[in-house]
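The file upload-v9.pdb comes next; it holds PDB, C-alpha atoms.
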ATOM      1  CA  MET A1143     257.378 360.810-151.398  1.00  0.00           C
ATOM      2  CA  LYS A1144     254.811 362.428-149.098  1.00  0.00           C
ATOM      3  CA  LYS A1145     252.040 360.475-150.821  1.00  0.00           C
ATOM      4  CA  LEU A1146     253.920 357.216-150.247  1.00  0.00           C
ATOM      5  CA  ILE A1147     254.418 357.931-146.546  1.00  0.00           C
ATOM      6  CA  LEU A1148     250.774 358.981-146.192  1.00  0.00           C
ATOM      7  CA  SER A1149     249.656 355.800-147.953  1.00  0.00           C
ATOM      8  CA  ILE A1150     251.769 353.658-145.611  1.00  0.00           C
ATOM      9  CA  ILE A1151     250.351 355.410-142.533  1.00  0.00           C
ATOM     10  CA  ILE A1152     246.769 354.947-143.775  1.00  0.00           C
ATOM     11  CA  LEU A1153     247.495 351.288-144.530  1.00  0.00           C
ATOM     12  CA  LEU A1154     248.944 350.701-141.046  1.00  0.00           C
ATOM     13  CA  PHE A1155     245.949 352.326-139.362  1.00  0.00           C
ATOM     14  CA  SER A1156     243.525 350.281-141.451  1.00  0.00           C
ATOM     15  CA  PHE A1157     245.300 347.045-140.395  1.00  0.00           C
ATOM     16  CA  ASN A1158     245.088 348.113-136.755  1.00  0.00           C
ATOM     17  CA  SER A1159     241.388 348.874-137.029  1.00  0.00           C
ATOM     18  CA  LEU A1160     240.772 345.493-138.679  1.00  0.00           C
ATOM     19  CA  ALA A1161     242.580 343.715-135.847  1.00  0.00           C
ATOM     20  CA  GLU A1162     240.464 345.492-133.263  1.00  0.00           C
ATOM     21  CA  GLU A1163     237.257 344.287-134.901  1.00  0.00           C
ATOM     22  CA  LYS A1164     237.897 340.590-134.280  1.00  0.00           C
ATOM     23  CA  PRO A1165     235.157 339.011-132.165  1.00  0.00           C
ATOM     24  CA  TYR A1166     237.702 337.242-129.949  1.00  0.00           C
ATOM     25  CA  THR A1167     240.950 337.635-128.059  1.00  0.00           C
ATOM     26  CA  LEU A1168     243.728 335.086-128.443  1.00  0.00           C
ATOM     27  CA  GLY A1169     244.130 332.939-125.341  1.00  0.00           C
ATOM     28  CA  THR A1170     246.446 330.185-124.256  1.00  0.00           C
ATOM     29  CA  VAL A1171     247.567 327.188-126.312  1.00  0.00           C
ATOM     30  CA  TRP A1172     246.208 323.723-125.475  1.00  0.00           C
ATOM     31  CA  ASP A1173     247.625 320.289-126.209  1.00  0.00           C
ATOM     32  CA  VAL A1174     244.803 317.731-126.036  1.00  0.00           C
ATOM     33  CA  SER A1175     245.599 313.997-126.150  1.00  0.00           C
ATOM     34  CA  TYR A1176     242.986 311.267-126.567  1.00  0.00           C
ATOM     35  CA  ILE A1177     243.832 308.030-124.776  1.00  0.00           C
ATOM     36  CA  ARG A1178     242.133 304.633-124.818  1.00  0.00           C
ATOM     37  CA  VAL A1179     242.948 303.022-121.476  1.00  0.00           C
ATOM     38  CA  ASN A1180     242.469 299.248-121.463  1.00  0.00           C
ATOM     39  CA  ASP A1181     239.517 297.898-119.475  1.00  0.00           C
ATOM     40  CA  GLY A1182     240.306 297.627-115.779  1.00  0.00           C
ATOM     41  CA  LYS A1183     243.609 299.515-116.151  1.00  0.00           C
ATOM     42  CA  LEU A1184     242.582 303.108-115.404  1.00  0.00           C
ATOM     43  CA  ASP A1185     244.066 303.039-111.881  1.00  0.00           C
ATOM     44  CA  ASP A1186     247.329 301.603-113.222  1.00  0.00           C
ATOM     45  CA  TYR A1187     247.479 304.289-115.886  1.00  0.00           C
ATOM     46  CA  LEU A1188     246.810 307.049-113.364  1.00  0.00           C
ATOM     47  CA  LYS A1189     249.570 305.673-111.119  1.00  0.00           C
ATOM     48  CA  ASN A1190     251.885 305.892-114.116  1.00  0.00           C
ATOM     49  CA  LEU A1191     250.825 309.514-114.672  1.00  0.00           C
ATOM     50  CA  ASN A1192     251.486 310.227-110.982  1.00  0.00           C
ATOM     51  CA  ALA A1193     255.071 309.033-111.443  1.00  0.00           C
ATOM     52  CA  GLY A1194     255.840 310.987-114.619  1.00  0.00           C
ATOM     53  CA  TYR A1195     253.241 313.186-116.302  1.00  0.00           C
ATOM     54  CA  TYR A1196     252.193 315.115-113.189  1.00  0.00           C
ATOM     55  CA  PRO A1197     255.683 315.753-111.711  1.00  0.00           C
ATOM     56  CA  ILE A1198     257.034 316.759-115.124  1.00  0.00           C
ATOM     57  CA  ASN A1199     254.174 319.196-115.654  1.00  0.00           C
ATOM     58  CA  GLU A1200     254.602 320.568-112.119  1.00  0.00           C
ATOM     59  CA  GLU A1201     258.212 321.384-112.967  1.00  0.00           C
ATOM     60  CA  PHE A1202     257.157 322.910-116.303  1.00  0.00           C
ATOM     61  CA  LYS A1203     254.597 324.958-114.383  1.00  0.00           C
ATOM     62  CA  ARG A1204     257.267 326.222-111.944  1.00  0.00           C
ATOM     63  CA  LYS A1205     259.316 327.320-114.936  1.00  0.00           C
ATOM     64  CA  GLY A1206     256.325 329.107-116.488  1.00  0.00           C
ATOM     65  CA  TRP A1207     256.209 326.775-119.508  1.00  0.00           C
ATOM     66  CA  VAL A1208     252.831 325.278-118.549  1.00  0.00           C
ATOM     67  CA  VAL A1209     249.805 327.129-117.174  1.00  0.00           C
ATOM     68  CA  SER A1210     247.737 324.079-116.187  1.00  0.00           C
ATOM     69  CA  TYR A1211     247.219 320.394-116.930  1.00  0.00           C
ATOM     70  CA  LYS A1212     244.579 317.786-116.203  1.00  0.00           C
ATOM     71  CA  ALA A1213     243.219 314.357-117.008  1.00  0.00           C
ATOM     72  CA  ILE A1214     239.504 313.878-117.665  1.00  0.00           C
ATOM     73  CA  SER A1215     237.829 310.477-117.739  1.00  0.00           C
ATOM     74  CA  PHE A1216     234.997 309.881-120.238  1.00  0.00           C
ATOM     75  CA  THR A1217     232.497 307.152-120.950  1.00  0.00           C
ATOM     76  CA  ARG A1218     233.053 305.409-124.270  1.00  0.00           C
ATOM     77  CA  ASN A1219     230.639 305.570-127.198  1.00  0.00           C
ATOM     78  CA  ASN A1220     231.824 302.108-128.235  1.00  0.00           C
ATOM     79  CA  PRO A1221     234.337 299.547-126.900  1.00  0.00           C
ATOM     80  CA  GLU A1222     237.138 300.824-129.161  1.00  0.00           C
ATOM     81  CA  ASP A1223     236.665 304.522-128.293  1.00  0.00           C
ATOM     82  CA  TRP A1224     239.049 306.659-126.228  1.00  0.00           C
ATOM     83  CA  ASN A1225     238.105 307.202-122.593  1.00  0.00           C
ATOM     84  CA  LEU A1226     240.667 309.612-121.173  1.00  0.00           C
ATOM     85  CA  MET A1227     241.688 313.081-122.252  1.00  0.00           C
ATOM     86  CA  LEU A1228     244.952 314.704-121.172  1.00  0.00           C
ATOM     87  CA  LEU A1229     244.987 318.486-121.451  1.00  0.00           C
ATOM     88  CA  THR A1230     248.054 320.675-121.094  1.00  0.00           C
ATOM     89  CA  GLU A1231     247.722 324.460-121.261  1.00  0.00           C
ATOM     90  CA  PHE A1232     250.702 326.512-122.433  1.00  0.00           C
ATOM     91  CA  PRO A1233     250.959 330.301-122.143  1.00  0.00           C
ATOM     92  CA  ASN A1234     251.566 330.836-125.890  1.00  0.00           C
ATOM     93  CA  TRP A1235     253.029 329.356-129.066  1.00  0.00           C
ATOM     94  CA  ALA A1236     256.485 330.710-128.232  1.00  0.00           C
ATOM     95  CA  THR A1237     256.729 328.170-125.406  1.00  0.00           C
ATOM     96  CA  PHE A1238     257.271 325.484-128.065  1.00  0.00           C
ATOM     97  CA  ASP A1239     260.360 327.285-129.374  1.00  0.00           C
ATOM     98  CA  ARG A1240     262.463 326.072-126.459  1.00  0.00           C
ATOM     99  CA  LYS A1241     265.342 323.793-127.297  1.00  0.00           C
ATOM    100  CA  GLU A1242     264.534 320.118-126.912  1.00  0.00           C
ATOM    101  CA  ALA A1243     267.388 319.793-124.435  1.00  0.00           C
ATOM    102  CA  GLU A1244     265.574 322.149-122.027  1.00  0.00           C
ATOM    103  CA  TRP A1245     262.466 319.934-122.029  1.00  0.00           C
ATOM    104  CA  ASP A1246     264.566 316.770-121.780  1.00  0.00           C
ATOM    105  CA  ALA A1247     266.462 318.113-118.763  1.00  0.00           C
ATOM    106  CA  VAL A1248     263.201 318.318-116.800  1.00  0.00           C
ATOM    107  CA  VAL A1249     262.153 314.803-117.834  1.00  0.00           C
ATOM    108  CA  ASP A1250     265.596 313.472-116.865  1.00  0.00           C
ATOM    109  CA  LYS A1251     265.341 315.218-113.481  1.00  0.00           C
ATOM    110  CA  VAL A1252     261.961 313.580-112.741  1.00  0.00           C
ATOM    111  CA  PHE A1253     262.910 310.063-113.826  1.00  0.00           C
ATOM    112  CA  LYS A1254     266.483 310.212-112.448  1.00  0.00           C
ATOM    113  CA  ASN A1255     267.788 307.979-115.257  1.00  0.00           C
ATOM    114  CA  LYS A1256     266.918 306.701-118.733  1.00  0.00           C
ATOM    115  CA  LYS A1257     266.162 303.195-117.404  1.00  0.00           C
ATOM    116  CA  ASN A1258     263.300 304.527-115.239  1.00  0.00           C
ATOM    117  CA  GLN A1259     262.012 306.623-118.128  1.00  0.00           C
ATOM    118  CA  LYS A1260     262.015 303.651-120.520  1.00  0.00           C
ATOM    119  CA  LYS A1261     260.238 301.467-117.948  1.00  0.00           C
ATOM    120  CA  SER A1262     257.524 304.093-117.472  1.00  0.00           C
ATOM    121  CA  THR A1263     257.048 304.379-121.238  1.00  0.00           C
ATOM    122  CA  LYS A1264     256.829 300.593-121.612  1.00  0.00           C
ATOM    123  CA  ASP A1265     254.338 300.329-118.732  1.00  0.00           C
ATOM    124  CA  ARG A1266     252.113 302.949-120.400  1.00  0.00           C
ATOM    125  CA  GLU A1267     252.279 301.163-123.743  1.00  0.00           C
ATOM    126  CA  ASN A1268     250.917 297.991-122.129  1.00  0.00           C
ATOM    127  CA  ILE A1269     247.828 299.648-120.661  1.00  0.00           C
ATOM    128  CA  ARG A1270     246.779 302.272-123.180  1.00  0.00           C
ATOM    129  CA  THR A1271     246.590 303.296-126.807  1.00  0.00           C
ATOM    130  CA  THR A1272     247.087 306.880-127.874  1.00  0.00           C
ATOM    131  CA  TRP A1273     244.370 307.861-130.325  1.00  0.00           C
ATOM    132  CA  GLY A1274     246.056 311.103-131.225  1.00  0.00           C
ATOM    133  CA  SER A1275     246.439 314.655-130.096  1.00  0.00           C
ATOM    134  CA  ARG A1276     245.691 318.180-131.224  1.00  0.00           C
ATOM    135  CA  VAL A1277     247.258 321.506-130.381  1.00  0.00           C
ATOM    136  CA  GLY A1278     245.133 324.632-130.653  1.00  0.00           C
ATOM    137  CA  ARG A1279     244.717 328.169-129.431  1.00  0.00           C
ATOM    138  CA  GLU A1280     241.865 329.236-127.194  1.00  0.00           C
ATOM    139  CA  LEU A1281     239.669 331.967-128.641  1.00  0.00           C
ATOM    140  CA  ILE A1282     238.072 334.073-125.929  1.00  0.00           C
ATOM    141  CA  PRO A1283     234.905 335.862-127.103  1.00  0.00           C
ATOM    142  CA  ASN A1284     234.846 339.647-126.860  1.00  0.00           C
ATOM    143  CA  ARG A1285     231.664 340.660-125.120  1.00  0.00           C
TER
END

Would you write out, as structure tokens, the structure that this file holds?
Amino acid sequence: MKKLILSIIILLFSFNSLAEEKPYTLGTVWDVSYIRVNDGKLDDYLKNLNAGYYPINEEFKRKGWVVSYKAISFTRNNPEDWNLMLLTEFPNWATFDRKEAEWDAVVDKVFKNKKNQKKSTKDRENIRTTWGSRVGRELIPNR
């Protein structure tokens, strides 16, 4: 029995020492969306973001669910390429474990009613194409 306990203690310490040797520290979680805004429609798209995306993320930020968010405009490599990136920074993966109703309550508060929300969604669909999105964790180098 003593050998088993000693083996478990040695095993636990070896796992801890392995974890300490990683060349990075885990950072925040980022959702990155790639958007192709139609030619001449960037201002319209940004107005749409001002009415929904930004106020929603401000409320999420007040609640501690979002650390930061931003939109970055890019030049295209070709006419069909994406030209806008939306980045949302979350404190950790656990943030995503919230019930959908909690997220929806904030969206409903910003848009006041489902009709406004549907109109905003339809307006966005007419001026942009979503290329896709990725969610990943920042790795901060240990120096």

**Message:** What's the separation between atom CA of A:Asp1239 and atom CA of A:Asn1284, in Å to one decimal place?
**Reply:**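 Pair atom CA of A:Asp1239 / atom CA of A:Asn1284 returns 28.5 Å.
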
**Prompt:** Expanded to explicit residues, what is the PyMOL selection byres ((chain A and resi 1174) around 12) for this file, as a list in words?
**Reply:**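 With the shown file as input, the PyMOL selection byres ((chain A and resi 1174) around 12) matches Val1171, Trp1172, Asp1173, Ser1175, Tyr1176, Ile1177, Tyr1211, Lys1212, Ala1213, Ile1214, Leu1226, Met1227, Leu1228, Leu1229, Thr1230, Glu1231, Phe1232, Thr1272, Trp1273, Gly1274, Ser1275, Arg1276, Val1277, Gly1278, Arg1279 and Glu1280 of chain A.
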
Selection in question (the file shown): the PyMOL selection byres ((chain A and resi 1218) around 12). Which residues does it include, as a PDB file with C-alpha atoms, in the coordinates of the input?
ATOM      1  CA  TYR A1176     242.986 311.267-126.567  1.00  0.00           C
ATOM      2  CA  ILE A1177     243.832 308.030-124.776  1.00  0.00           C
ATOM      3  CA  ARG A1178     242.133 304.633-124.818  1.00  0.00           C
ATOM      4  CA  VAL A1179     242.948 303.022-121.476  1.00  0.00           C
ATOM      5  CA  ASN A1180     242.469 299.248-121.463  1.00  0.00           C
ATOM      6  CA  ASP A1181     239.517 297.898-119.475  1.00  0.00           C
ATOM      7  CA  SER A1215     237.829 310.477-117.739  1.00  0.00           C
ATOM      8  CA  PHE A1216     234.997 309.881-120.238  1.00  0.00           C
ATOM      9  CA  THR A1217     232.497 307.152-120.950  1.00  0.00           C
ATOM     10  CA  ASN A1219     230.639 305.570-127.198  1.00  0.00           C
ATOM     11  CA  ASN A1220     231.824 302.108-128.235  1.00  0.00           C
ATOM     12  CA  PRO A1221     234.337 299.547-126.900  1.00  0.00           C
ATOM     13  CA  GLU A1222     237.138 300.824-129.161  1.00  0.00           C
ATOM     14  CA  ASP A1223     236.665 304.522-128.293  1.00  0.00           C
ATOM     15  CA  TRP A1224     239.049 306.659-126.228  1.00  0.00           C
ATOM     16  CA  ASN A1225     238.105 307.202-122.593  1.00  0.00           C
ATOM     17  CA  LEU A1226     240.667 309.612-121.173  1.00  0.00           C
ATOM     18  CA  MET A1227     241.688 313.081-122.252  1.00  0.00           C
TER      19      MET A1227
END

**Asked** stretch 1246-1256 of chain A: which residues within 9 Å, counting only C-alpha atoms, same-chain residues fewer than 6 positions away excluded, as a list of chain:residue names?
**Response** A:Ala1193, A:Gly1194, A:Pro1197, A:Ile1198, A:Glu1201, A:Phe1202, A:Ser1262

**Message:** Which residues are close to A:Arg1266, i.e. within 12 Å by all atoms listed in the file, leaving aside same-chain residues fewer than 2 positions away? Reply as a ChimeraX atom specification.
**Reply:** /A:1177-1180,1183-1195,1259-1264,1268-1272

Let me see the file: selected residues, C-alpha atoms, as a compact mmCIF listing (two decimals), keeping the file's coordinate frame.
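That gives us selection.txt:
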# COMPACT_ATOMS: atom_id res chain seq x y z
CA ILE A 1177 243.83 308.03 -124.78
CA ARG A 1178 242.13 304.63 -124.82
CA VAL A 1179 242.95 303.02 -121.48
CA ASN A 1180 242.47 299.25 -121.46
CA LYS A 1183 243.61 299.52 -116.15
CA LEU A 1184 242.58 303.11 -115.40
CA ASP A 1185 244.07 303.04 -111.88
CA ASP A 1186 247.33 301.60 -113.22
CA TYR A 1187 247.48 304.29 -115.89
CA LEU A 1188 246.81 307.05 -113.36
CA LYS A 1189 249.57 305.67 -111.12
CA ASN A 1190 251.88 305.89 -114.12
CA LEU A 1191 250.82 309.51 -114.67
CA ASN A 1192 251.49 310.23 -110.98
CA ALA A 1193 255.07 309.03 -111.44
CA GLY A 1194 255.84 310.99 -114.62
CA TYR A 1195 253.24 313.19 -116.30
CA GLN A 1259 262.01 306.62 -118.13
CA LYS A 1260 262.02 303.65 -120.52
CA LYS A 1261 260.24 301.47 -117.95
CA SER A 1262 257.52 304.09 -117.47
CA THR A 1263 257.05 304.38 -121.24
CA LYS A 1264 256.83 300.59 -121.61
CA ASN A 1268 250.92 297.99 -122.13
CA ILE A 1269 247.83 299.65 -120.66
CA ARG A 1270 246.78 302.27 -123.18
CA THR A 1271 246.59 303.30 -126.81
CA THR A 1272 247.09 306.88 -127.87
